[in-house]
file target_9.cif (mmCIF, C-alpha atoms and all ligand atoms)
data_run
loop_
_atom_site.group_PDB
_atom_site.id
_atom_site.type_symbol
_atom_site.label_atom_id
_atom_site.label_comp_id
_atom_site.auth_asym_id
_atom_site.auth_seq_id
_atom_site.Cartn_x
_atom_site.Cartn_y
_atom_site.Cartn_z
ATOM 1 C CA MET M 864 -17.543 -10.129 15.252
ATOM 2 C CA ILE M 865 -14.181 -11.918 15.684
ATOM 3 C CA GLN M 866 -15.989 -15.130 16.547
ATOM 4 C CA GLU M 867 -18.192 -14.784 13.478
ATOM 5 C CA LEU M 868 -15.223 -14.130 11.204
ATOM 6 C CA ASN M 869 -13.437 -17.176 12.584
ATOM 7 C CA ASN M 870 -16.529 -19.323 12.153
ATOM 8 C CA GLN M 871 -16.871 -18.288 8.549
ATOM 9 C CA PHE M 872 -13.332 -17.785 7.290
ATOM 10 C CA ALA M 873 -10.692 -19.310 9.601
ATOM 11 C CA ILE M 874 -8.485 -22.041 8.104
ATOM 12 C CA SER M 875 -6.722 -24.179 10.636
ATOM 13 C CA SER M 876 -3.078 -23.119 11.179
ATOM 14 C CA HIS M 877 -3.269 -20.730 8.177
ATOM 15 C CA VAL M 878 -5.906 -18.043 8.761
ATOM 16 C CA ARG M 879 -7.424 -16.703 11.934
ATOM 17 C CA PHE M 880 -9.025 -13.453 13.054
ATOM 18 C CA GLU M 881 -8.073 -11.476 16.128
ATOM 19 C CA LYS M 882 -8.790 -8.184 17.771
ATOM 20 C CA GLY M 883 -6.012 -5.840 16.655
ATOM 21 C CA GLN M 884 -4.948 -2.372 17.757
ATOM 22 C CA GLY M 885 -7.782 0.001 18.611
ATOM 23 C CA GLY M 886 -10.022 -3.060 18.949
ATOM 24 C CA LEU M 887 -10.205 -3.362 15.135
ATOM 25 C CA PRO M 888 -10.472 -6.846 13.629
ATOM 26 C CA LYS M 889 -7.516 -8.216 11.707
ATOM 27 C CA ALA M 890 -6.727 -11.379 9.763
ATOM 28 C CA VAL M 891 -3.516 -13.210 10.584
ATOM 29 C CA LEU M 892 -2.129 -15.357 7.745
ATOM 30 C CA HIS M 893 0.533 -18.064 7.975
ATOM 31 C CA ALA M 894 1.940 -19.619 4.784
ATOM 32 C CA SER M 895 3.547 -23.069 4.764
ATOM 33 C CA SER M 896 6.930 -21.371 4.192
ATOM 34 C CA GLY M 897 6.597 -19.813 7.665
ATOM 35 C CA ASN M 898 5.901 -16.377 6.154
ATOM 36 C CA PHE M 899 3.358 -14.355 8.052
ATOM 37 C CA CYS M 900 1.179 -11.356 7.338
ATOM 38 C CA GLU M 901 -1.530 -9.369 9.029
ATOM 39 C CA VAL M 902 -4.370 -7.507 7.321
ATOM 40 C CA TYR M 903 -6.918 -5.270 9.027
ATOM 41 C CA LEU M 904 -10.467 -5.144 7.681
ATOM 42 C CA HIS M 905 -10.074 -1.398 8.215
ATOM 43 C CA GLY M 906 -8.821 -0.250 4.799
ATOM 44 C CA ALA M 907 -7.948 -3.876 3.879
ATOM 45 C CA HIS M 908 -4.692 -2.621 5.273
ATOM 46 C CA VAL M 909 -1.678 -4.956 5.346
ATOM 47 C CA THR M 910 0.247 -3.951 8.466
ATOM 48 C CA SER M 911 2.831 -6.721 8.752
ATOM 49 C CA TRP M 912 4.710 -9.121 6.488
ATOM 50 C CA ARG M 913 7.375 -11.239 8.116
ATOM 51 C CA ASP M 914 9.636 -14.031 6.938
ATOM 52 C CA ALA M 915 9.944 -17.387 8.692
ATOM 53 C CA ALA M 916 12.710 -16.021 10.919
ATOM 54 C CA GLY M 917 10.398 -13.234 12.084
ATOM 55 C CA ALA M 918 12.100 -10.369 10.227
ATOM 56 C CA GLU M 919 9.556 -7.619 9.474
ATOM 57 C CA ASN M 920 9.483 -6.222 5.932
ATOM 58 C CA LEU M 921 6.867 -3.498 6.393
ATOM 59 C CA PHE M 922 7.258 -0.385 8.482
ATOM 60 C CA MET M 923 4.523 0.612 10.937
ATOM 61 C CA SER M 924 5.001 3.733 12.997
ATOM 62 C CA GLU M 925 5.010 3.308 16.746
ATOM 63 C CA LYS M 926 2.850 6.429 16.806
ATOM 64 C CA SER M 927 0.289 5.191 14.303
ATOM 65 C CA GLU M 928 -3.282 5.832 15.306
ATOM 66 C CA PHE M 929 -5.783 2.989 15.060
ATOM 67 C CA GLY M 930 -9.522 3.541 15.009
ATOM 68 C CA GLU M 931 -12.599 4.137 12.888
ATOM 69 C CA GLY M 932 -12.013 6.891 10.347
ATOM 70 C CA LEU M 933 -8.247 7.041 10.983
ATOM 71 C CA ALA M 934 -5.527 6.239 8.453
ATOM 72 C CA PHE M 935 -2.815 3.933 9.781
ATOM 73 C CA ARG M 936 0.753 5.148 9.405
ATOM 74 C CA GLY M 937 2.688 2.373 7.701
ATOM 75 C CA GLY M 938 2.038 -0.972 6.036
ATOM 76 C CA ILE M 939 0.207 -0.780 2.711
ATOM 77 C CA PRO M 940 -2.574 1.822 2.654
ATOM 78 C CA ILE M 941 -4.696 1.757 -0.504
ATOM 79 C CA CYS M 942 -5.207 5.171 -2.085
ATOM 80 C CA PHE M 943 -8.359 5.397 -4.227
ATOM 81 C CA PRO M 944 -9.928 7.177 -6.130
ATOM 82 C CA GLN M 945 -7.598 10.120 -5.550
ATOM 83 C CA PHE M 946 -3.882 10.313 -4.863
ATOM 84 C CA ALA M 947 -2.679 12.766 -2.187
ATOM 85 C CA ASP M 948 -4.452 16.107 -2.574
ATOM 86 C CA GLN M 949 -4.746 15.976 -6.374
ATOM 87 C CA GLY M 950 -8.500 16.647 -6.277
ATOM 88 C CA ASP M 951 -11.329 17.706 -3.993
ATOM 89 C CA LEU M 952 -11.622 14.485 -2.016
ATOM 90 C CA PRO M 953 -9.920 13.804 1.324
ATOM 91 C CA LYS M 954 -6.179 13.129 1.018
ATOM 92 C CA HIS M 955 -5.446 9.775 -0.639
ATOM 93 C CA GLY M 956 -9.127 9.233 -1.347
ATOM 94 C CA LEU M 957 -11.894 7.463 0.412
ATOM 95 C CA ILE M 958 -11.223 3.864 1.297
ATOM 96 C CA ARG M 959 -8.024 3.622 3.316
ATOM 97 C CA ASP M 960 -9.898 4.302 6.540
ATOM 98 C CA ARG M 961 -13.156 2.441 5.897
ATOM 99 C CA ALA M 962 -14.198 -1.028 6.996
ATOM 100 C CA TRP M 963 -13.954 -3.588 4.181
ATOM 101 C CA LYS M 964 -15.719 -6.963 4.173
ATOM 102 C CA VAL M 965 -14.025 -10.321 3.993
ATOM 103 C CA LEU M 966 -15.197 -12.212 0.904
ATOM 104 C CA LYS M 967 -13.204 -15.402 1.197
ATOM 105 C CA THR M 968 -10.056 -17.091 2.430
ATOM 106 C CA SER M 969 -8.271 -20.006 0.798
ATOM 107 C CA ILE M 970 -5.152 -22.126 0.755
ATOM 108 C CA THR M 971 -3.387 -23.711 -2.200
ATOM 109 C CA PRO M 972 -1.334 -26.463 -0.568
ATOM 110 C CA ASN M 973 0.734 -27.244 -3.722
ATOM 111 C CA GLU M 974 1.954 -23.676 -3.927
ATOM 112 C CA GLY M 975 2.072 -23.200 -0.168
ATOM 113 C CA SER M 976 -0.155 -20.130 -0.602
ATOM 114 C CA VAL M 977 -2.703 -18.662 1.709
ATOM 115 C CA SER M 978 -4.966 -15.824 0.643
ATOM 116 C CA ILE M 979 -7.718 -13.525 1.761
ATOM 117 C CA GLU M 980 -9.992 -11.410 -0.394
ATOM 118 C CA PHE M 981 -11.783 -8.242 0.692
ATOM 119 C CA ASP M 982 -14.604 -6.265 -0.827
ATOM 120 C CA TYR M 983 -15.592 -2.618 -0.533
ATOM 121 C CA ARG M 984 -18.765 -0.979 -1.845
ATOM 122 C CA PRO M 985 -19.632 2.648 -1.166
ATOM 123 C CA ASP M 986 -22.216 3.503 1.457
ATOM 124 C CA LYS M 987 -24.557 6.522 1.322
ATOM 125 C CA MET M 988 -22.072 8.863 2.954
ATOM 126 C CA LEU M 989 -19.328 7.961 0.515
ATOM 127 C CA LYS M 990 -21.664 8.308 -2.471
ATOM 128 C CA LYS M 991 -22.222 11.926 -1.446
ATOM 129 C CA LEU M 992 -18.485 12.559 -1.734
ATOM 130 C CA TRP M 993 -17.981 10.616 -4.962
ATOM 131 C CA PRO M 994 -21.177 9.723 -6.822
ATOM 132 C CA HIS M 995 -19.837 6.790 -8.876
ATOM 133 C CA LEU M 996 -21.054 3.259 -8.302
ATOM 134 C CA PHE M 997 -18.004 1.125 -7.829
ATOM 135 C CA GLU M 998 -16.806 -2.020 -6.158
ATOM 136 C CA CYS M 999 -13.238 -2.625 -5.022
ATOM 137 C CA ARG M 1000 -11.793 -6.033 -4.352
ATOM 138 C CA TYR M 1001 -8.413 -6.619 -2.805
ATOM 139 C CA LEU M 1002 -6.687 -9.961 -2.809
ATOM 140 C CA VAL M 1003 -3.749 -10.569 -0.463
ATOM 141 C CA GLU M 1004 -1.766 -13.718 -1.251
ATOM 142 C CA LEU M 1005 1.110 -14.972 0.821
ATOM 143 C CA ASN M 1006 3.592 -17.707 -0.039
ATOM 144 C CA GLU M 1007 7.337 -17.084 -0.392
ATOM 145 C CA ASN M 1008 6.204 -13.670 -1.681
ATOM 146 C CA LEU M 1009 3.463 -11.241 -0.865
ATOM 147 C CA THR M 1010 1.120 -10.327 -3.728
ATOM 148 C CA VAL M 1011 -1.613 -7.720 -3.535
ATOM 149 C CA THR M 1012 -4.185 -7.239 -6.286
ATOM 150 C CA LEU M 1013 -6.692 -4.404 -6.432
ATOM 151 C CA THR M 1014 -9.668 -4.740 -8.734
ATOM 152 C CA VAL M 1015 -12.049 -1.861 -9.379
ATOM 153 C CA SER M 1016 -15.374 -2.519 -11.086
ATOM 154 C CA ASN M 1017 -17.676 0.095 -12.506
ATOM 155 C CA ARG M 1018 -21.183 -0.868 -11.348
ATOM 156 C CA GLY M 1019 -22.845 2.242 -12.761
ATOM 157 C CA ASN M 1020 -24.045 3.410 -16.172
ATOM 158 C CA ALA M 1021 -21.368 5.968 -16.925
ATOM 159 C CA PRO M 1022 -17.584 5.799 -17.162
ATOM 160 C CA PHE M 1023 -15.440 7.196 -14.334
ATOM 161 C CA ARG M 1024 -11.782 7.990 -13.798
ATOM 162 C CA PHE M 1025 -9.608 7.423 -10.768
ATOM 163 C CA GLN M 1026 -6.108 7.464 -9.359
ATOM 164 C CA THR M 1027 -4.775 4.753 -7.114
ATOM 165 C CA ALA M 1028 -1.652 3.809 -5.171
ATOM 166 C CA LEU M 1029 -0.471 0.874 -3.123
ATOM 167 C CA HIS M 1030 1.295 3.118 -0.653
ATOM 168 C CA THR M 1031 3.879 0.632 0.604
ATOM 169 C CA TYR M 1032 6.062 1.529 3.577
ATOM 170 C CA PHE M 1033 9.163 -0.712 3.633
ATOM 171 C CA SER M 1034 10.950 -1.315 6.886
ATOM 172 C CA ILE M 1035 14.635 -0.553 6.395
ATOM 173 C CA GLN M 1036 17.548 -0.411 8.765
ATOM 174 C CA ASP M 1037 19.073 2.897 7.732
ATOM 175 C CA ILE M 1038 17.740 5.268 5.062
ATOM 176 C CA ARG M 1039 21.259 6.645 4.619
ATOM 177 C CA ARG M 1040 22.294 3.307 3.145
ATOM 178 C CA VAL M 1041 19.240 2.624 0.979
ATOM 179 C CA LYS M 1042 19.242 2.703 -2.815
ATOM 180 C CA ILE M 1043 16.296 2.398 -5.178
ATOM 181 C CA LEU M 1044 17.026 0.676 -8.481
ATOM 182 C CA GLY M 1045 15.044 0.789 -11.720
ATOM 183 C CA LEU M 1046 14.261 4.510 -11.966
ATOM 184 C CA GLN M 1047 17.130 5.712 -14.178
ATOM 185 C CA GLY M 1048 15.990 7.570 -17.290
ATOM 186 C CA LEU M 1049 12.406 8.033 -16.033
ATOM 187 C CA ASP M 1050 10.645 11.382 -15.916
ATOM 188 C CA PHE M 1051 9.265 12.334 -12.537
ATOM 189 C CA THR M 1052 7.292 15.174 -11.025
ATOM 190 C CA ASP M 1053 8.652 16.588 -7.802
ATOM 191 C CA SER M 1054 5.773 17.322 -5.437
ATOM 192 C CA LEU M 1055 8.099 19.470 -3.305
ATOM 193 C CA LYS M 1056 8.851 21.691 -6.321
ATOM 194 C CA GLY M 1057 5.306 22.418 -7.436
ATOM 195 C CA GLY M 1058 5.079 19.291 -9.577
ATOM 196 C CA LYS M 1059 7.912 20.369 -11.898
ATOM 197 C CA VAL M 1060 9.115 17.608 -14.240
ATOM 198 C CA PHE M 1061 12.686 16.262 -14.089
ATOM 199 C CA THR M 1062 14.460 13.205 -15.494
ATOM 200 C CA GLU M 1063 16.163 10.745 -13.168
ATOM 201 C CA THR M 1064 19.816 10.380 -14.097
ATOM 202 C CA ARG M 1065 20.966 8.081 -11.296
ATOM 203 C CA GLU M 1066 21.149 4.332 -11.608
ATOM 204 C CA ALA M 1067 20.831 3.970 -7.828
ATOM 205 C CA VAL M 1068 18.597 6.588 -6.213
ATOM 206 C CA ASP M 1069 19.434 7.453 -2.634
ATOM 207 C CA VAL M 1070 17.430 9.616 -0.232
ATOM 208 C CA SER M 1071 19.219 12.245 1.817
ATOM 209 C CA GLU M 1072 16.517 14.873 2.290
ATOM 210 C CA GLU M 1073 12.732 15.168 2.233
ATOM 211 C CA THR M 1074 11.677 13.387 -0.949
ATOM 212 C CA ASP M 1075 8.267 13.252 -2.622
ATOM 213 C CA ARG M 1076 8.389 12.280 -6.283
ATOM 214 C CA ILE M 1077 6.115 10.563 -8.752
ATOM 215 C CA TYR M 1078 8.014 8.633 -11.437
ATOM 216 C CA LYS M 1079 6.274 7.891 -14.744
ATOM 217 C CA ASN M 1080 6.217 4.743 -16.884
ATOM 218 C CA ILE M 1081 7.993 2.471 -14.455
ATOM 219 C CA PRO M 1082 9.608 -0.769 -15.646
ATOM 220 C CA SER M 1083 8.301 -4.204 -14.698
ATOM 221 C CA ARG M 1084 10.722 -4.441 -11.784
ATOM 222 C CA LEU M 1085 11.848 -2.007 -9.086
ATOM 223 C CA CYS M 1086 14.151 -2.750 -6.164
ATOM 224 C CA VAL M 1087 14.908 -1.272 -2.782
ATOM 225 C CA LEU M 1088 18.385 -2.208 -1.637
ATOM 226 C CA ASP M 1089 18.708 -1.983 2.145
ATOM 227 C CA ASP M 1090 22.457 -2.257 2.408
ATOM 228 C CA ALA M 1091 22.628 -2.072 6.213
ATOM 229 C CA ALA M 1092 20.203 -4.993 6.605
ATOM 230 C CA GLY M 1093 21.662 -6.939 3.662
ATOM 231 C CA LYS M 1094 18.215 -7.134 2.039
ATOM 232 C CA ILE M 1095 16.723 -6.405 -1.361
ATOM 233 C CA PHE M 1096 13.004 -5.841 -1.768
ATOM 234 C CA GLN M 1097 11.793 -6.438 -5.274
ATOM 235 C CA LEU M 1098 8.516 -5.074 -6.632
ATOM 236 C CA THR M 1099 6.908 -6.481 -9.766
ATOM 237 C CA PRO M 1100 3.952 -4.295 -10.686
ATOM 238 C CA LEU M 1101 1.266 -5.045 -13.228
ATOM 239 C CA GLY M 1102 -1.260 -2.460 -14.424
ATOM 240 C CA LEU M 1103 0.421 0.267 -12.356
ATOM 241 C CA ALA M 1104 2.392 2.781 -14.409
ATOM 242 C CA ASP M 1105 3.823 5.154 -11.791
ATOM 243 C CA ALA M 1106 5.899 4.910 -8.623
ATOM 244 C CA VAL M 1107 6.061 7.327 -5.711
ATOM 245 C CA VAL M 1108 9.205 7.691 -3.644
ATOM 246 C CA TRP M 1109 8.451 9.338 -0.320
ATOM 247 C CA ASN M 1110 10.365 9.994 2.872
ATOM 248 C CA PRO M 1111 9.378 12.902 5.138
ATOM 249 C CA TRP M 1112 12.916 13.385 6.511
ATOM 250 C CA ILE M 1113 13.590 15.355 9.692
ATOM 251 C CA ASP M 1114 11.364 18.442 9.733
ATOM 252 C CA LYS M 1115 8.242 16.878 8.277
ATOM 253 C CA ALA M 1116 8.668 13.855 10.584
ATOM 254 C CA ARG M 1117 8.549 16.268 13.524
ATOM 255 C CA ARG M 1118 5.379 17.883 12.206
ATOM 256 C CA MET M 1119 3.545 14.576 11.768
ATOM 257 C CA VAL M 1120 1.610 13.621 14.908
ATOM 258 C CA ASP M 1121 1.407 9.940 14.009
ATOM 259 C CA PHE M 1122 5.079 9.463 13.181
ATOM 260 C CA GLY M 1123 8.108 9.332 15.487
ATOM 261 C CA ASP M 1124 10.781 12.010 15.103
ATOM 262 C CA ASP M 1125 13.491 9.503 14.162
ATOM 263 C CA GLU M 1126 11.358 7.034 12.261
ATOM 264 C CA TYR M 1127 12.258 8.584 8.893
ATOM 265 C CA LEU M 1128 15.538 6.670 9.259
ATOM 266 C CA ARG M 1129 13.750 3.320 9.260
ATOM 267 C CA MET M 1130 11.252 3.637 6.405
ATOM 268 C CA ILE M 1131 10.984 4.319 2.726
ATOM 269 C CA CYS M 1132 7.776 4.454 0.732
ATOM 270 C CA LEU M 1133 7.965 3.058 -2.767
ATOM 271 C CA GLU M 1134 4.398 3.092 -3.997
ATOM 272 C CA THR M 1135 3.193 1.470 -7.199
ATOM 273 C CA ALA M 1136 0.433 3.633 -8.589
ATOM 274 C CA ASN M 1137 -1.562 5.213 -11.393
ATOM 275 C CA ILE M 1138 -1.397 8.945 -10.789
ATOM 276 C CA HIS M 1139 -0.195 10.866 -13.835
ATOM 277 C CA THR M 1140 -2.701 9.200 -16.120
ATOM 278 C CA ARG M 1141 -5.994 8.480 -14.437
ATOM 279 C CA VAL M 1142 -7.520 5.097 -15.129
ATOM 280 C CA GLN M 1143 -10.823 5.262 -16.970
ATOM 281 C CA ILE M 1144 -13.312 2.423 -16.759
ATOM 282 C CA ALA M 1145 -16.486 2.180 -18.766
ATOM 283 C CA ALA M 1146 -19.810 1.021 -17.349
ATOM 284 C CA ASP M 1147 -19.668 -2.631 -16.314
ATOM 285 C CA GLU M 1148 -15.931 -2.814 -16.904
ATOM 286 C CA ARG M 1149 -13.173 -3.803 -14.538
ATOM 287 C CA TRP M 1150 -9.619 -2.663 -13.955
ATOM 288 C CA MET M 1151 -6.938 -4.617 -12.154
ATOM 289 C CA GLY M 1152 -3.571 -3.579 -10.734
ATOM 290 C CA LYS M 1153 -1.199 -5.704 -8.730
ATOM 291 C CA THR M 1154 2.242 -5.852 -7.191
ATOM 292 C CA VAL M 1155 4.310 -8.850 -6.207
ATOM 293 C CA PHE M 1156 6.768 -8.171 -3.369
ATOM 294 C CA THR M 1157 9.737 -10.414 -2.811
ATOM 295 C CA VAL M 1158 12.622 -10.105 -0.432
ATOM 296 C CA GLN M 1159 16.095 -11.592 -0.833
ATOM 297 C CA SER M 1160 19.468 -11.322 0.831
ATOM 298 C CA ALA M 1161 21.660 -8.669 -0.786
HETATM 299 C C1 LIG E 1 2.808 10.162 -0.155
HETATM 300 C C2 LIG E 1 2.654 11.524 -0.761
HETATM 301 O O1 LIG E 1 2.318 9.226 -1.034
HETATM 302 O O2 LIG E 1 2.059 10.095 1.063
HETATM 303 C C3 LIG E 1 3.091 12.584 0.256
HETATM 304 O O3 LIG E 1 3.424 11.598 -1.936
HETATM 305 C C4 LIG E 1 2.327 12.409 1.549
HETATM 306 O O4 LIG E 1 2.875 13.865 -0.300
HETATM 307 C C5 LIG E 1 2.489 10.988 2.046
HETATM 308 O O5 LIG E 1 2.814 13.337 2.498
HETATM 309 C C6 LIG E 1 1.739 10.688 3.345
HETATM 310 O O6 LIG E 1 0.396 11.032 3.253
HETATM 311 P P1 LIG E 1 -0.559 10.899 4.497
HETATM 312 O O7 LIG E 1 -1.890 11.421 4.072
HETATM 313 O O8 LIG E 1 -0.623 9.426 4.818
HETATM 314 O O9 LIG E 1 0.081 11.681 5.600
#
call {"tool": "encode", "arguments": {"input": "target_9.cif", "output": "structure tokens", "more": "lines below"}}
Ligand code: BG6
result
Amino acid sequence: MIQELNNQFAISSHVRFEKGQGGLPKAVLHASSGNFCEVYLHGAHVTSWRDAAGAENLFMSEKSEFGEGLAFRGGIPICFPQFADQGDLPKHGLIRDRAWKVLKTSITPNEGSVSIEFDYRPDKMLKKLWPHLFECRYLVELNENLTVTLTVSNRGNAPFRFQTALHTYFSIQDIRRVKILGLQGLDFTDSLKGGKVFTETREAVDVSEETDRIYKNIPSRLCVLDDAAGKIFQLTPLGLADAVVWNPWIDKARRMVDFGDDEYLRMICLETANIHTRVQIAADERWMGKTVFTVQSA
């Protein structure tokens, strides 16, 4: 399979395919800027995004499991068509642990971009769980920034509704010195308090306990300031109205089998999403949501 993928989609010094963890195939992308990223066909899951100096921007747990039907712990899982356990489907939906197909790879030399596009269509087993005919496409573009774009098409005759999240795990040096900017004044539901609604009053949101919140109506820019590393991650979402802030903290970290006891110190999830208001798409229509990630020195 790796050979076949390379024959069809490799681009000299920019895209190649390798056997990744658990023997699963992954695409390795190099942009002209020296930026690097890795995407598994499993879940179209971005597991690594590094700058030219080799600094990793995404967190992956050392205890993550890798294999058919398993969700990786870290990177950017795609939640669809359900977020968390807000419905009858498996947690975070159906496609984060399924094999996607590679549609195409390309480079845009002028912009120094390299990209890969994936496609997912439901098989018989999935149709039993969720009867709607859909197609997901996921475009991963790397240049100075990382941009991910999810497109959902309704291939059936009736409208359907879904939730989605780009469940991004950022790699940070010390959660005790992290601040999230851009949330002040927003209403959020606190999943640890039965979904009760609160309003964020802080300009800079820090995390000092287990946190699991869904903020509504996010602005066009959110930032994660990692003071200890001297880094700022910036997220520019489009078509995604909500943002989840999640850190399991000490006790939950201990309960999670695929997460190290101390790893809560080195990660923060800031997920761009549509959760509070489900997206509805009519027959033959298409929805698109994307997020541009940039990283700068603080
Ligand atoms: C977050 C949810 O998005 O994902 C949390 O808000 C959840 O409630 C977390 O615990 C991790 O989910 P999972 O299924 O990957 O363990």
call {"tool": "resolve_selection", "arguments": {"input": "target_9.cif", "expression": "the PyMOL selection byres (((chain M and resi 1055) around 9) and not hetatm)", "output": "JSON, numbers by chain"}}
result
{"M": [1052, 1053, 1054, 1056, 1057, 1058, 1059, 1073, 1074, 1075, 1076]}
call {"tool": "residues_near_ligand", "arguments": {"input": "target_9.cif", "ligand": "ligand LIG 1 (chain E)", "cutoff": "7 Å", "atoms": "all atoms listed in the file", "output": "list of chain:residue names"}}
result
M:Ala934, M:Arg936, M:Ala947, M:Lys954, M:His955, M:His1030, M:Ser1054, M:Asp1075, M:Arg1076, M:Val1107, M:Trp1109
call {"tool": "resolve_selection", "arguments": {"input": "target_9.cif", "expression": "the PyMOL selection byres (((chain M and resi 925) around 10) and not hetatm)", "output": "PyMOL selection string"}}
result
chain M and resi 922-924+926-928+936-937+1121-1123+1126
call {"tool": "resolve_selection", "arguments": {"input": "target_9.cif", "expression": "the PyMOL selection byres (((chain M and resi 963) around 8) and not hetatm)", "output": "PyMOL selection string"}}
result
chain M and resi 904-907+961-962+964-965+981-983
call {"tool": "closest_residue", "arguments": {"input": "target_9.cif", "among": "M:Val1155, M:Leu1013, M:Ile1038, M:Leu1098", "to": "M:Leu1133", "atoms": "all atoms listed in the file"}}
result
M:Leu1098
call {"tool": "closest_residue", "arguments": {"input": "target_9.cif", "among": "M:Gly1045, M:Pro972, M:Gly897, M:Gly956", "to": "M:Glu1007", "atoms": "only C-alpha atoms"}}
result
M:Gly897
call {"tool": "atom_distance", "arguments": {"input": "target_9.cif", "atom1": "atom CA of M:Val1070", "atom2": "atom CA of M:Arg1117"}}
result
17.7 Å
call {"tool": "closest_residue", "arguments": {"input": "target_9.cif", "among": "M:Ser876, M:Thr1157, M:Asn1110, M:Asn898", "to": "M:Tyr1032", "atoms": "all atoms listed in the file"}}
result
M:Asn1110
call {"tool": "closest_residue", "arguments": {"input": "target_9.cif", "among": "M:Ile1095, M:Leu989, M:Met864, M:Cys999", "to": "M:Asn1017", "atoms": "all atoms listed in the file"}}
result
M:Cys999
call {"tool": "residues_around", "arguments": {"input": "target_9.cif", "residues": "M:Asp1124", "least_positions_apart": "2", "cutoff": "9 Å", "atoms": "all atoms listed in the file", "output": "ChimeraX atom specification"}}
result
/M:1112-1119,1122,1126-1127
call {"tool": "write_last_selection", "arguments": {"input": "target_9.cif", "atoms": "C-alpha atoms", "output": "short mmCIF file (atom, residue, chain, number, x, y, z; two decimals), keeping the file's coordinate frame"}}
result
data_model
loop_
_atom_site.label_atom_id
_atom_site.label_comp_id
_atom_site.auth_asym_id
_atom_site.auth_seq_id
_atom_site.Cartn_x
_atom_site.Cartn_y
_atom_site.Cartn_z
CA TRP M 1112 12.92 13.38 6.51
CA ILE M 1113 13.59 15.36 9.69
CA ASP M 1114 11.36 18.44 9.73
CA LYS M 1115 8.24 16.88 8.28
CA ALA M 1116 8.67 13.86 10.58
CA ARG M 1117 8.55 16.27 13.52
CA ARG M 1118 5.38 17.88 12.21
CA MET M 1119 3.54 14.58 11.77
CA PHE M 1122 5.08 9.46 13.18
CA GLU M 1126 11.36 7.03 12.26
CA TYR M 1127 12.26 8.58 8.89
#
